[in-house]
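Enquirer: File follows, data-v9.pdb with PDB, C-alpha atoms, pLDDT in the B column:
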ATOM      1  CA  MET A   1     -13.215  13.494  17.366  1.00 30.00           C
ATOM      2  CA  ALA A   2     -13.736  10.026  15.880  1.00 33.00           C
ATOM      3  CA  GLY A   3     -10.782   8.690  14.017  1.00 38.00           C
ATOM      4  CA  GLN A   4      -8.075  10.185  16.207  1.00 38.00           C
ATOM      5  CA  ALA A   5      -5.185   7.910  17.089  1.00 39.00           C
ATOM      6  CA  ALA A   6      -5.125   6.387  20.537  1.00 39.00           C
ATOM      7  CA  PRO A   7      -2.166   7.304  22.750  1.00 40.00           C
ATOM      8  CA  GLN A   8       0.874   5.244  21.848  1.00 47.00           C
ATOM      9  CA  THR A   9       3.300   3.525  24.186  1.00 51.00           C
ATOM     10  CA  ASP A  10       6.813   4.826  24.733  1.00 68.00           C
ATOM     11  CA  THR A  11       8.338   1.842  22.938  1.00 90.00           C
ATOM     12  CA  PRO A  12       8.560   2.347  19.159  1.00 97.00           C
ATOM     13  CA  ILE A  13       7.629  -0.504  16.881  1.00 98.00           C
ATOM     14  CA  ARG A  14      10.350  -1.944  14.651  1.00 99.00           C
ATOM     15  CA  ILE A  15       9.848  -1.975  10.895  1.00 99.00           C
ATOM     16  CA  LEU A  16      12.175  -4.168   8.870  1.00 99.00           C
ATOM     17  CA  GLY A  17      12.241  -3.138   5.220  1.00 99.00           C
ATOM     18  CA  ARG A  18      13.642  -0.561   2.835  1.00 98.00           C
ATOM     19  CA  ASN A  19      11.659   2.662   2.617  1.00 98.00           C
ATOM     20  CA  ASN A  20      11.353   2.482  -1.175  1.00 97.00           C
ATOM     21  CA  SER A  21       9.416  -0.788  -1.031  1.00 97.00           C
ATOM     22  CA  PHE A  22       5.795  -0.525  -2.183  1.00 97.00           C
ATOM     23  CA  ASN A  23       4.591  -2.599   0.769  1.00 98.00           C
ATOM     24  CA  VAL A  24       6.819  -0.984   3.384  1.00 99.00           C
ATOM     25  CA  ARG A  25       5.510   2.412   2.283  1.00 99.00           C
ATOM     26  CA  LYS A  26       1.980   1.328   3.225  1.00 99.00           C
ATOM     27  CA  VAL A  27       3.119   0.701   6.785  1.00 99.00           C
ATOM     28  CA  LEU A  28       5.099   3.946   7.012  1.00 99.00           C
ATOM     29  CA  TRP A  29       2.127   5.921   5.699  1.00 99.00           C
ATOM     30  CA  VAL A  30      -0.228   4.415   8.275  1.00 99.00           C
ATOM     31  CA  CYS A  31       2.264   5.034  11.069  1.00 99.00           C
ATOM     32  CA  ASP A  32       2.419   8.700  10.123  1.00 99.00           C
ATOM     33  CA  GLU A  33      -1.369   8.972   9.884  1.00 98.00           C
ATOM     34  CA  LEU A  34      -1.715   7.468  13.373  1.00 98.00           C
ATOM     35  CA  GLY A  35       1.272   9.145  15.006  1.00 98.00           C
ATOM     36  CA  ILE A  36       2.968   5.812  15.723  1.00 98.00           C
ATOM     37  CA  ASP A  37       6.655   5.973  16.620  1.00 98.00           C
ATOM     38  CA  TYR A  38       8.852   3.473  14.836  1.00 98.00           C
ATOM     39  CA  LEU A  39      12.435   2.459  14.207  1.00 98.00           C
ATOM     40  CA  ARG A  40      13.110   1.243  10.687  1.00 99.00           C
ATOM     41  CA  GLU A  41      15.892  -1.086   9.547  1.00 98.00           C
ATOM     42  CA  ASP A  42      16.849  -1.561   5.900  1.00 98.00           C
ATOM     43  CA  TYR A  43      16.186  -5.008   4.467  1.00 98.00           C
ATOM     44  CA  GLY A  44      15.430  -6.049   0.921  1.00 97.00           C
ATOM     45  CA  ARG A  45      16.690  -5.123  -2.523  1.00 93.00           C
ATOM     46  CA  GLY A  46      20.033  -3.316  -2.235  1.00 94.00           C
ATOM     47  CA  PHE A  47      20.277  -3.786   1.533  1.00 98.00           C
ATOM     48  CA  ARG A  48      20.486  -6.671   3.978  1.00 98.00           C
ATOM     49  CA  ALA A  49      19.117  -9.826   2.411  1.00 98.00           C
ATOM     50  CA  CYS A  50      15.763 -11.182   3.502  1.00 98.00           C
ATOM     51  CA  THR A  51      17.328 -14.632   3.266  1.00 98.00           C
ATOM     52  CA  GLU A  52      19.618 -13.990   6.243  1.00 98.00           C
ATOM     53  CA  PRO A  53      18.885 -16.452   9.062  1.00 98.00           C
ATOM     54  CA  GLU A  54      18.000 -13.605  11.435  1.00 97.00           C
ATOM     55  CA  PHE A  55      15.323 -12.346   9.051  1.00 98.00           C
ATOM     56  CA  LEU A  56      14.013 -15.784   8.101  1.00 98.00           C
ATOM     57  CA  ALA A  57      13.465 -16.523  11.778  1.00 98.00           C
ATOM     58  CA  LEU A  58      11.020 -13.603  11.778  1.00 98.00           C
ATOM     59  CA  ASN A  59       9.494 -14.200   8.355  1.00 98.00           C
ATOM     60  CA  PRO A  60      10.029 -17.533   6.582  1.00 98.00           C
ATOM     61  CA  VAL A  61       8.508 -16.050   3.410  1.00 98.00           C
ATOM     62  CA  ALA A  62      11.612 -13.799   3.117  1.00 98.00           C
ATOM     63  CA  GLN A  63       9.750 -10.624   2.180  1.00 98.00           C
ATOM     64  CA  VAL A  64       9.470  -7.130   3.606  1.00 99.00           C
ATOM     65  CA  PRO A  65       7.948  -5.664   5.651  1.00 99.00           C
ATOM     66  CA  VAL A  66       8.202  -7.290   9.030  1.00 99.00           C
ATOM     67  CA  VAL A  67       6.865  -5.357  12.011  1.00 99.00           C
ATOM     68  CA  ILE A  68       7.726  -6.139  15.610  1.00 99.00           C
ATOM     69  CA  ASP A  69       5.484  -4.688  18.311  1.00 98.00           C
ATOM     70  CA  GLY A  70       6.522  -5.998  21.687  1.00 97.00           C
ATOM     71  CA  GLU A  71       6.235  -9.770  21.445  1.00 97.00           C
ATOM     72  CA  ALA A  72       4.127  -9.639  18.278  1.00 98.00           C
ATOM     73  CA  ILE A  73       5.957 -10.404  15.027  1.00 98.00           C
ATOM     74  CA  MET A  74       3.969  -9.577  11.897  1.00 98.00           C
ATOM     75  CA  ARG A  75       4.287  -9.939   8.134  1.00 98.00           C
ATOM     76  CA  GLU A  76       2.047  -9.092   5.140  1.00 98.00           C
ATOM     77  CA  SER A  77       1.568  -5.351   4.776  1.00 98.00           C
ATOM     78  CA  ASN A  78      -2.236  -5.271   4.566  1.00 98.00           C
ATOM     79  CA  SER A  79      -2.508  -7.422   7.674  1.00 98.00           C
ATOM     80  CA  ILE A  80      -0.012  -5.172   9.459  1.00 99.00           C
ATOM     81  CA  ILE A  81      -1.849  -1.949   8.702  1.00 99.00           C
ATOM     82  CA  ARG A  82      -5.152  -3.484   9.821  1.00 98.00           C
ATOM     83  CA  TYR A  83      -3.494  -4.392  13.110  1.00 98.00           C
ATOM     84  CA  LEU A  84      -2.024  -0.920  13.594  1.00 98.00           C
ATOM     85  CA  ALA A  85      -5.303   0.873  12.877  1.00 98.00           C
ATOM     86  CA  ALA A  86      -7.318  -1.511  15.064  1.00 98.00           C
ATOM     87  CA  LYS A  87      -4.860  -1.183  17.936  1.00 98.00           C
ATOM     88  CA  ALA A  88      -5.029   2.599  17.672  1.00 98.00           C
ATOM     89  CA  GLY A  89      -8.831   2.453  17.789  1.00 98.00           C
ATOM     90  CA  ASN A  90      -9.108   4.656  14.720  1.00 97.00           C
ATOM     91  CA  GLU A  91     -12.773   4.495  13.667  1.00 97.00           C
ATOM     92  CA  ASP A  92     -12.231   6.418  10.443  1.00 97.00           C
ATOM     93  CA  LEU A  93      -9.371   4.364   9.085  1.00 98.00           C
ATOM     94  CA  TYR A  94     -10.713   1.002  10.241  1.00 98.00           C
ATOM     95  CA  PRO A  95     -14.184   1.131  11.811  1.00 98.00           C
ATOM     96  CA  SER A  96     -15.366  -1.475  14.286  1.00 97.00           C
ATOM     97  CA  ASP A  97     -18.690  -1.753  12.425  1.00 98.00           C
ATOM     98  CA  LEU A  98     -18.361  -5.052  10.563  1.00 98.00           C
ATOM     99  CA  VAL A  99     -20.210  -3.969   7.427  1.00 98.00           C
ATOM    100  CA  LYS A 100     -18.048  -0.861   7.032  1.00 98.00           C
ATOM    101  CA  ARG A 101     -14.954  -2.908   7.780  1.00 98.00           C
ATOM    102  CA  GLN A 102     -15.887  -5.476   5.138  1.00 98.00           C
ATOM    103  CA  GLN A 103     -16.278  -2.747   2.509  1.00 98.00           C
ATOM    104  CA  ILE A 104     -12.742  -1.603   3.260  1.00 99.00           C
ATOM    105  CA  GLU A 105     -11.280  -5.093   3.298  1.00 99.00           C
ATOM    106  CA  GLN A 106     -12.850  -6.200   0.020  1.00 99.00           C
ATOM    107  CA  TRP A 107     -11.004  -3.397  -1.785  1.00 99.00           C
ATOM    108  CA  MET A 108      -7.751  -4.104   0.043  1.00 99.00           C
ATOM    109  CA  ASP A 109      -7.979  -7.769  -0.918  1.00 98.00           C
ATOM    110  CA  TRP A 110      -8.820  -7.035  -4.550  1.00 98.00           C
ATOM    111  CA  ILE A 111      -5.843  -4.705  -4.798  1.00 98.00           C
ATOM    112  CA  ALA A 112      -3.565  -7.347  -3.273  1.00 96.00           C
ATOM    113  CA  TYR A 113      -4.784 -10.250  -5.400  1.00 94.00           C
ATOM    114  CA  ASP A 114      -5.662  -8.578  -8.703  1.00 95.00           C
ATOM    115  CA  LEU A 115      -4.212  -5.099  -9.163  1.00 94.00           C
ATOM    116  CA  THR A 116      -0.847  -5.985  -7.670  1.00 89.00           C
ATOM    117  CA  HIS A 117      -0.556  -8.940 -10.040  1.00 88.00           C
ATOM    118  CA  ALA A 118      -1.104  -6.615 -13.012  1.00 92.00           C
ATOM    119  CA  LEU A 119       1.544  -4.243 -11.673  1.00 90.00           C
ATOM    120  CA  ARG A 120       4.119  -7.032 -11.630  1.00 90.00           C
ATOM    121  CA  GLY A 121       4.022  -7.217 -15.397  1.00 90.00           C
ATOM    122  CA  ALA A 122       3.571  -3.516 -16.076  1.00 90.00           C
ATOM    123  CA  PHE A 123       6.129  -2.277 -13.544  1.00 88.00           C
ATOM    124  CA  LEU A 124       8.451  -5.037 -12.331  1.00 85.00           C
ATOM    125  CA  GLY A 125       8.677  -6.431 -15.849  1.00 87.00           C
ATOM    126  CA  GLY A 126       8.128  -3.397 -18.052  1.00 87.00           C
ATOM    127  CA  VAL A 127      10.092  -0.850 -16.022  1.00 83.00           C
ATOM    128  CA  LEU A 128      12.516  -2.634 -13.689  1.00 82.00           C
ATOM    129  CA  ARG A 129      13.045  -5.590 -16.046  1.00 86.00           C
ATOM    130  CA  GLU A 130      13.092  -8.012 -13.148  1.00 82.00           C
ATOM    131  CA  ALA A 131      12.919 -11.748 -13.714  1.00 84.00           C
ATOM    132  CA  PRO A 132      10.632 -13.633 -14.019  1.00 86.00           C
ATOM    133  CA  TRP A 133       8.311 -10.800 -15.063  1.00 79.00           C
ATOM    134  CA  ASP A 134      10.552  -9.385 -17.795  1.00 87.00           C
ATOM    135  CA  ASN A 135       9.290 -11.464 -20.713  1.00 89.00           C
ATOM    136  CA  GLU A 136       7.300  -9.584 -23.336  1.00 92.00           C
ATOM    137  CA  TRP A 137       4.122 -11.634 -22.984  1.00 91.00           C
ATOM    138  CA  PHE A 138       3.942 -11.019 -19.249  1.00 90.00           C
ATOM    139  CA  ILE A 139       4.699  -7.309 -19.662  1.00 91.00           C
ATOM    140  CA  GLU A 140       2.005  -6.842 -22.299  1.00 91.00           C
ATOM    141  CA  GLN A 141      -0.550  -8.853 -20.348  1.00 92.00           C
ATOM    142  CA  GLY A 142       0.254  -6.899 -17.196  1.00 92.00           C
ATOM    143  CA  ARG A 143      -0.330  -3.615 -18.999  1.00 93.00           C
ATOM    144  CA  LYS A 144      -3.666  -4.826 -20.394  1.00 94.00           C
ATOM    145  CA  ASP A 145      -4.777  -6.080 -16.992  1.00 96.00           C
ATOM    146  CA  LEU A 146      -3.670  -2.865 -15.309  1.00 96.00           C
ATOM    147  CA  ILE A 147      -5.663  -0.723 -17.743  1.00 97.00           C
ATOM    148  CA  HIS A 148      -8.699  -2.954 -17.220  1.00 98.00           C
ATOM    149  CA  ASP A 149      -8.447  -2.718 -13.439  1.00 98.00           C
ATOM    150  CA  MET A 150      -7.796   1.019 -13.366  1.00 98.00           C
ATOM    151  CA  ARG A 151     -10.881   1.586 -15.520  1.00 98.00           C
ATOM    152  CA  ILE A 152     -12.841  -0.227 -12.812  1.00 99.00           C
ATOM    153  CA  VAL A 153     -11.398   2.088 -10.159  1.00 99.00           C
ATOM    154  CA  GLU A 154     -12.000   5.134 -12.365  1.00 99.00           C
ATOM    155  CA  ALA A 155     -15.693   4.276 -12.723  1.00 99.00           C
ATOM    156  CA  HIS A 156     -16.044   3.399  -9.048  1.00 99.00           C
ATOM    157  CA  LEU A 157     -14.560   6.689  -7.856  1.00 99.00           C
ATOM    158  CA  GLY A 158     -16.800   8.609 -10.225  1.00 99.00           C
ATOM    159  CA  ALA A 159     -19.895   6.914  -8.826  1.00 99.00           C
ATOM    160  CA  ASN A 160     -18.964   6.413  -5.181  1.00 98.00           C
ATOM    161  CA  GLY A 161     -15.995   8.666  -4.316  1.00 98.00           C
ATOM    162  CA  PRO A 162     -14.234  10.810  -3.492  1.00 99.00           C
ATOM    163  CA  TYR A 163     -12.444   8.069  -1.511  1.00 99.00           C
ATOM    164  CA  VAL A 164     -12.497   4.338  -2.182  1.00 99.00           C
ATOM    165  CA  THR A 165     -15.329   3.616   0.260  1.00 98.00           C
ATOM    166  CA  GLY A 166     -17.111   6.957   0.039  1.00 98.00           C
ATOM    167  CA  ASP A 167     -16.723  10.218   1.907  1.00 98.00           C
ATOM    168  CA  THR A 168     -14.101   9.095   4.421  1.00 98.00           C
ATOM    169  CA  PHE A 169     -10.408   8.299   4.045  1.00 99.00           C
ATOM    170  CA  THR A 170      -9.908   4.694   5.198  1.00 99.00           C
ATOM    171  CA  LEU A 171      -7.360   1.895   5.109  1.00 99.00           C
ATOM    172  CA  ALA A 172      -8.600   1.021   1.609  1.00 99.00           C
ATOM    173  CA  ASP A 173      -7.038   4.254   0.385  1.00 99.00           C
ATOM    174  CA  ILE A 174      -3.572   3.247   1.587  1.00 99.00           C
ATOM    175  CA  PRO A 175      -2.827   0.485  -0.950  1.00 98.00           C
ATOM    176  CA  MET A 176      -4.984   2.224  -3.561  1.00 99.00           C
ATOM    177  CA  GLY A 177      -3.054   5.456  -3.108  1.00 99.00           C
ATOM    178  CA  LEU A 178       0.221   3.681  -3.798  1.00 98.00           C
ATOM    179  CA  VAL A 179      -1.248   1.947  -6.850  1.00 98.00           C
ATOM    180  CA  VAL A 180      -2.551   5.253  -8.226  1.00 98.00           C
ATOM    181  CA  ASN A 181       0.821   6.903  -7.711  1.00 97.00           C
ATOM    182  CA  ARG A 182       2.459   4.099  -9.668  1.00 95.00           C
ATOM    183  CA  TRP A 183      -0.233   4.348 -12.364  1.00 96.00           C
ATOM    184  CA  PHE A 184       0.677   7.960 -13.023  1.00 96.00           C
ATOM    185  CA  LYS A 185       4.426   7.320 -12.761  1.00 93.00           C
ATOM    186  CA  VAL A 186       4.729   4.268 -15.025  1.00 89.00           C
ATOM    187  CA  GLU A 187       5.341   5.133 -18.670  1.00 88.00           C
ATOM    188  CA  GLY A 188       6.015   3.254 -21.868  1.00 89.00           C
ATOM    189  CA  PHE A 189       2.466   2.374 -22.944  1.00 92.00           C
ATOM    190  CA  ASP A 190      -0.740   4.188 -23.842  1.00 95.00           C
ATOM    191  CA  LYS A 191      -3.073   4.741 -20.912  1.00 96.00           C
ATOM    192  CA  PRO A 192      -6.670   5.968 -21.073  1.00 97.00           C
ATOM    193  CA  GLU A 193      -7.720   9.311 -19.636  1.00 97.00           C
ATOM    194  CA  THR A 194      -8.686   8.861 -15.992  1.00 98.00           C
ATOM    195  CA  PRO A 195      -9.987  12.178 -14.616  1.00 99.00           C
ATOM    196  CA  ASN A 196     -11.498  10.619 -11.493  1.00 99.00           C
ATOM    197  CA  LEU A 197      -8.197   8.952 -10.664  1.00 99.00           C
ATOM    198  CA  ALA A 198      -6.420  12.259 -11.248  1.00 99.00           C
ATOM    199  CA  ALA A 199      -8.806  14.035  -8.855  1.00 99.00           C
ATOM    200  CA  TYR A 200      -8.307  11.262  -6.302  1.00 99.00           C
ATOM    201  CA  TYR A 201      -4.531  11.590  -6.678  1.00 99.00           C
ATOM    202  CA  GLU A 202      -4.742  15.304  -5.916  1.00 99.00           C
ATOM    203  CA  LEU A 203      -7.084  14.712  -2.973  1.00 99.00           C
ATOM    204  CA  LEU A 204      -4.669  12.247  -1.398  1.00 99.00           C
ATOM    205  CA  SER A 205      -1.852  14.706  -2.010  1.00 99.00           C
ATOM    206  CA  GLU A 206      -3.421  17.030   0.549  1.00 99.00           C
ATOM    207  CA  ARG A 207      -2.244  14.553   3.199  1.00 99.00           C
ATOM    208  CA  PRO A 208       1.346  15.113   4.386  1.00 99.00           C
ATOM    209  CA  ALA A 209       1.826  11.403   5.069  1.00 99.00           C
ATOM    210  CA  TYR A 210       0.952  10.593   1.449  1.00 99.00           C
ATOM    211  CA  LEU A 211       3.478  13.093   0.177  1.00 99.00           C
ATOM    212  CA  ALA A 212       6.070  11.520   2.464  1.00 99.00           C
ATOM    213  CA  HIS A 213       5.462   7.888   1.547  1.00 99.00           C
ATOM    214  CA  GLY A 214       3.189   7.753  -1.504  1.00 98.00           C
ATOM    215  CA  ARG A 215       3.603  10.632  -3.921  1.00 98.00           C
ATOM    216  CA  ASN A 216       7.215  11.161  -2.926  1.00 98.00           C
ATOM    217  CA  GLY A 217       8.961  10.885  -6.280  1.00 96.00           C
ATOM    218  CA  LEU A 218       9.092   7.087  -6.230  1.00 95.00           C
ATOM    219  CA  PRO A 219       6.896   4.955  -8.490  1.00 92.00           C
TER
END
Could you write out this structure as structure tokens?
Expert:
Amino acid sequence: MAGQAAPQTDTPIRILGRNNSFNVRKVLWVCDELGIDYLREDYGRGFRACTEPEFLALNPVAQVPVVIDGEAIMRESNSIIRYLAAKAGNEDLYPSDLVKRQQIEQWMDWIAYDLTHALRGAFLGGVLREAPWDNEWFIEQGRKDLIHDMRIVEAHLGANGPYVTGDTFTLADIPMGLVVNRWFKVEGFDKPETPNLAAYYELLSERPAYLAHGRNGLP
């Protein structure tokens, strides 16, 4: 059927990054959805530093994840999962039709550039108390922005769901699924009722790969 993963090679890809990283979890989730074999090595907070020369030679930005597939060395999680889905030829996750693909990518980009910024204040500042996001102005602004953005997603799912781009689970649901998990996990401020997001959360939870890497007890 359409959307099945293409046969994979015998050589596993390498994933550099700790498995509790928000962005590494996107890659792990997609690998499980597609049946991609991988070997993972811990880098990042609490593990080997991303500033080690060996890592910087692979990614000068010094962030996880890095994925190595043969001679290809990749960084930026959304770019990586697009590559993996396209290579697998999965027409459900990442269709070849350019209009459908654009609809997926516009949500992925908005999450990366807008929603993720709000989460830095609400989560990295408000929960983890990480500098430079741990000042009260940034925390409060992050919470306000997060509520604003999640109201947009709530309305969109109510009108166009059950998934981000309609009836089919796609790559857009990977970063969104991790954001929604964090939305329901983060506490410490008043959040509006979001029944459509709650229904979406439960729908994603029917997927074993989401339970392994998204709704797995981590925020």
Enquirer: Per residue of segment 138-214 of chain A within 9 Å of segment 119-123 of chain A, which atom pair is closest and at what distance in Å (one decimal), using only C-alpha atoms, listed by chain and increasing number, as JSON lines?
Expert:
{"residue": "A:Phe138", "atom": "CA", "partner": "A:Gly121", "partner_atom": "CA", "distance": 5.4}
{"residue": "A:Ile139", "atom": "CA", "partner": "A:Gly121", "partner_atom": "CA", "distance": 4.3}
{"residue": "A:Glu140", "atom": "CA", "partner": "A:Gly121", "partner_atom": "CA", "distance": 7.2}
{"residue": "A:Gln141", "atom": "CA", "partner": "A:Gly121", "partner_atom": "CA", "distance": 6.9}
{"residue": "A:Gly142", "atom": "CA", "partner": "A:Gly121", "partner_atom": "CA", "distance": 4.2}
{"residue": "A:Arg143", "atom": "CA", "partner": "A:Ala122", "partner_atom": "CA", "distance": 4.9}
{"residue": "A:Lys144", "atom": "CA", "partner": "A:Ala122", "partner_atom": "CA", "distance": 8.5}
{"residue": "A:Asp145", "atom": "CA", "partner": "A:Leu119", "partner_atom": "CA", "distance": 8.5}
{"residue": "A:Leu146", "atom": "CA", "partner": "A:Leu119", "partner_atom": "CA", "distance": 6.5}
{"residue": "A:Val179", "atom": "CA", "partner": "A:Leu119", "partner_atom": "CA", "distance": 8.3}
{"residue": "A:Arg182", "atom": "CA", "partner": "A:Phe123", "partner_atom": "CA", "distance": 8.3}
{"residue": "A:Trp183", "atom": "CA", "partner": "A:Leu119", "partner_atom": "CA", "distance": 8.8}
{"residue": "A:Val186", "atom": "CA", "partner": "A:Phe123", "partner_atom": "CA", "distance": 6.9}
Enquirer: Here's the selection I'm unsure about, the PyMOL selection byres ((chain A and resi 219) around 10); applied to the file above, which residues does it give, as a PyMOL selection string?
Expert: chain A and resi 20-22+123+178-186+214-218
Enquirer: Excluding Asp42 of chain A and residues on its chain fewer than 3 positions from it, collect all residues at most 7 Å away from it, counting all atoms listed in the file, and give them as a ChimeraX atom specification.
Expert: /A:16-18,47-48
Enquirer: Write out as number ranges by chain which residues come within 12 Å of Arg151 of chain A when counting only C-alpha atoms, dropping same-chain ones fewer than 6 positions away.
Expert: A: 115, 144-145, 157-158, 180, 183, 191-197
Enquirer: Kindly give the distance, in Å, that separates atom CA of Gln103 of chain A and atom CA of His148 of chain A, rounded to a single decimal.
Expert: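 Between atom CA of Gln103 of chain A and atom CA of His148 of chain A the gap works out to 21.1 Å.
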Enquirer: Measure the distance from atom CA of Phe169 of chain A to atom CA of Ser77 of chain A in Å and round it to one decimal.
Expert: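 That distance, rounded to one decimal, is 18.2 Å.
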Enquirer: Pick the closest to Thr11 of chain A from A:Ile36, A:Cys50, A:Met74, A:Ala159: which is it, counting all atoms listed in the file?
Expert: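 Checking each of A:Ile36, A:Cys50, A:Met74, A:Ala159 against Thr11 of chain A, counting all atoms listed in the file, the winner is A:Ile36.
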Enquirer: Just how far from atom CA of Met176 of chain A is atom CA of Ala112 of chain A, in Å to one decimal?
Expert: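 Atom-to-atom, atom CA of Ala112 of chain A and atom CA of Met176 of chain A are spaced 9.7 Å apart.
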Enquirer: Each side padded by 5 Å, which centre and which edge lengths in Å (one decimal) define the axis-aligned box around the listed atoms of segment 54-71 of chain A? Give them as JSON.
Expert:
{"center_x": 11.7, "center_y": -11.1, "center_z": 11.9, "size_x": 22.5, "size_y": 22.8, "size_z": 29.5}
Enquirer: Near segment 205-209 of chain A, counting all atoms listed in the file, which residues have an atom at most 10 Å away, once you skip same-chain residues fewer than 2 positions from it, shown as a list of chain:residue names?
Expert: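 Skipping anything fewer than 2 positions along the chain leaves A:Leu28, A:Trp29, A:Val30, A:Cys31, A:Asp32, A:Glu33, A:Leu34, A:Gly177, A:Ala199, A:Tyr200, A:Tyr201, A:Glu202, A:Leu203, A:Leu211, A:Ala212, A:His213, A:Gly214, A:Arg215, A:Asn216.
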Enquirer: For Tyr94 of chain A, list every protein, DNA or RNA residue within 10 Å, evaluated using all atoms listed in the file, and leave out those in the same chain fewer than 4 positions away; present the list as a list in words.
Expert: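 With the cut-off at 10 Å, the set is Gly3, Ile81, Arg82, Tyr83, Leu84, Ala85, Ala86, Lys87, Ala88, Gly89, Asn90, Leu98, Lys100, Arg101, Gln102, Ile104, Glu105, Phe169, Thr170, Leu171 and Ala172 of chain A.
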Enquirer: Pick from A:Val61, A:Ala49, A:Val66, A:Ala198: nearest to Asn78 of chain A, with only C-alpha atoms counted?
Expert: A:Val66
Enquirer: Could you check which residues have any atom within 10 Å of (-8.6, -1.8, -6.3), counting all atoms listed in the file with coordinates taken straight from the file, and then list them as a list in words?
Expert: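 The residues that fall inside the cut-off are Gln106, Trp107, Met108, Asp109, Trp110, Ile111, Ala112, Tyr113, Asp114, Leu115, Thr116, Asp149, Met150, Ile152, Val153, Glu154, His156, Val164, Ala172, Asp173, Pro175, Met176, Gly177, Val179 and Val180 of chain A.
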Enquirer: Which is closer to Leu56 of chain A than all the others in A:Arg75, A:Leu39, A:Tyr210, A:His117, using only C-alpha atoms?
Expert: A:Arg75
Enquirer: Find the spatial neighbours of Ile15 of chain A, counting only C-alpha atoms, within a cut-off of 7 Å - ignore same-chain residues fewer than 2 positions away - and output them as a ChimeraX atom specification.
Expert: /A:13,17,38-41,65-68
Enquirer: Which residue, A:Leu128, A:Ile174, A:Ala57, A:Ala118, has the smallest gap to Val24 of chain A when you use all atoms listed in the file?
Expert: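 For Val24 of chain A, the nearest of the given residues is A:Ile174.
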Enquirer: For each of A:Thr51, A:Ile147, A:Gly188, A:Ser79, take the minimum atom-to-atom distance to Gly125 of chain A, counting all atoms listed in the file, then give the residue where this is smallest.
Expert: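 Closest to Gly125 of chain A, using all atoms listed in the file: A:Gly188.
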Enquirer: Pick from A:Phe189, A:Asp92, A:Gly46, A:Val99: nearest to Asp167 of chain A, with all atoms listed in the file counted?
Expert: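 The closest residue to Asp167 of chain A is A:Asp92.
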Enquirer: What would segment 31-45 of chain A look like with N, CA and C atoms in place, written as a short mmCIF file (atom, residue, chain, number, x, y, z; two decimals), in the coordinates of the input?
Expert:
data_model
loop_
_atom_site.label_atom_id
_atom_site.label_comp_id
_atom_site.auth_asym_id
_atom_site.auth_seq_id
_atom_site.Cartn_x
_atom_site.Cartn_y
_atom_site.Cartn_z
N CYS A 31 1.62 4.58 9.83
CA CYS A 31 2.26 5.03 11.07
C CYS A 31 2.21 6.55 11.18
N ASP A 32 2.48 7.24 10.08
CA ASP A 32 2.42 8.70 10.12
C ASP A 32 1.00 9.20 10.33
N GLU A 33 0.03 8.56 9.70
CA GLU A 33 -1.37 8.97 9.88
C GLU A 33 -1.80 8.82 11.34
N LEU A 34 -1.29 7.79 12.00
CA LEU A 34 -1.72 7.47 13.37
C LEU A 34 -0.78 8.03 14.44
N GLY A 35 0.32 8.62 14.03
CA GLY A 35 1.27 9.14 15.01
C GLY A 35 2.02 8.06 15.76
N ILE A 36 2.28 6.94 15.10
CA ILE A 36 2.97 5.81 15.72
C ILE A 36 4.47 5.98 15.57
N ASP A 37 5.19 5.91 16.66
CA ASP A 37 6.66 5.97 16.62
C ASP A 37 7.21 4.64 16.14
N TYR A 38 8.25 4.71 15.33
CA TYR A 38 8.85 3.47 14.84
C TYR A 38 10.35 3.65 14.60
N LEU A 39 11.04 2.54 14.62
CA LEU A 39 12.44 2.46 14.21
C LEU A 39 12.48 1.55 12.99
N ARG A 40 13.10 2.03 11.92
CA ARG A 40 13.11 1.24 10.69
C ARG A 40 14.52 0.76 10.39
N GLU A 41 14.61 -0.48 9.91
CA GLU A 41 15.89 -1.09 9.55
C GLU A 41 15.82 -1.55 8.10
N ASP A 42 16.85 -1.24 7.33
CA ASP A 42 16.85 -1.56 5.90
C ASP A 42 17.06 -3.05 5.65
N TYR A 43 16.09 -3.64 4.98
CA TYR A 43 16.19 -5.01 4.47
C TYR A 43 15.57 -5.01 3.08
N GLY A 44 16.01 -5.93 2.25
CA GLY A 44 15.43 -6.05 0.92
C GLY A 44 16.39 -5.59 -0.15
N ARG A 45 15.88 -5.42 -1.35
CA ARG A 45 16.69 -5.12 -2.52
C ARG A 45 17.69 -3.99 -2.27
#
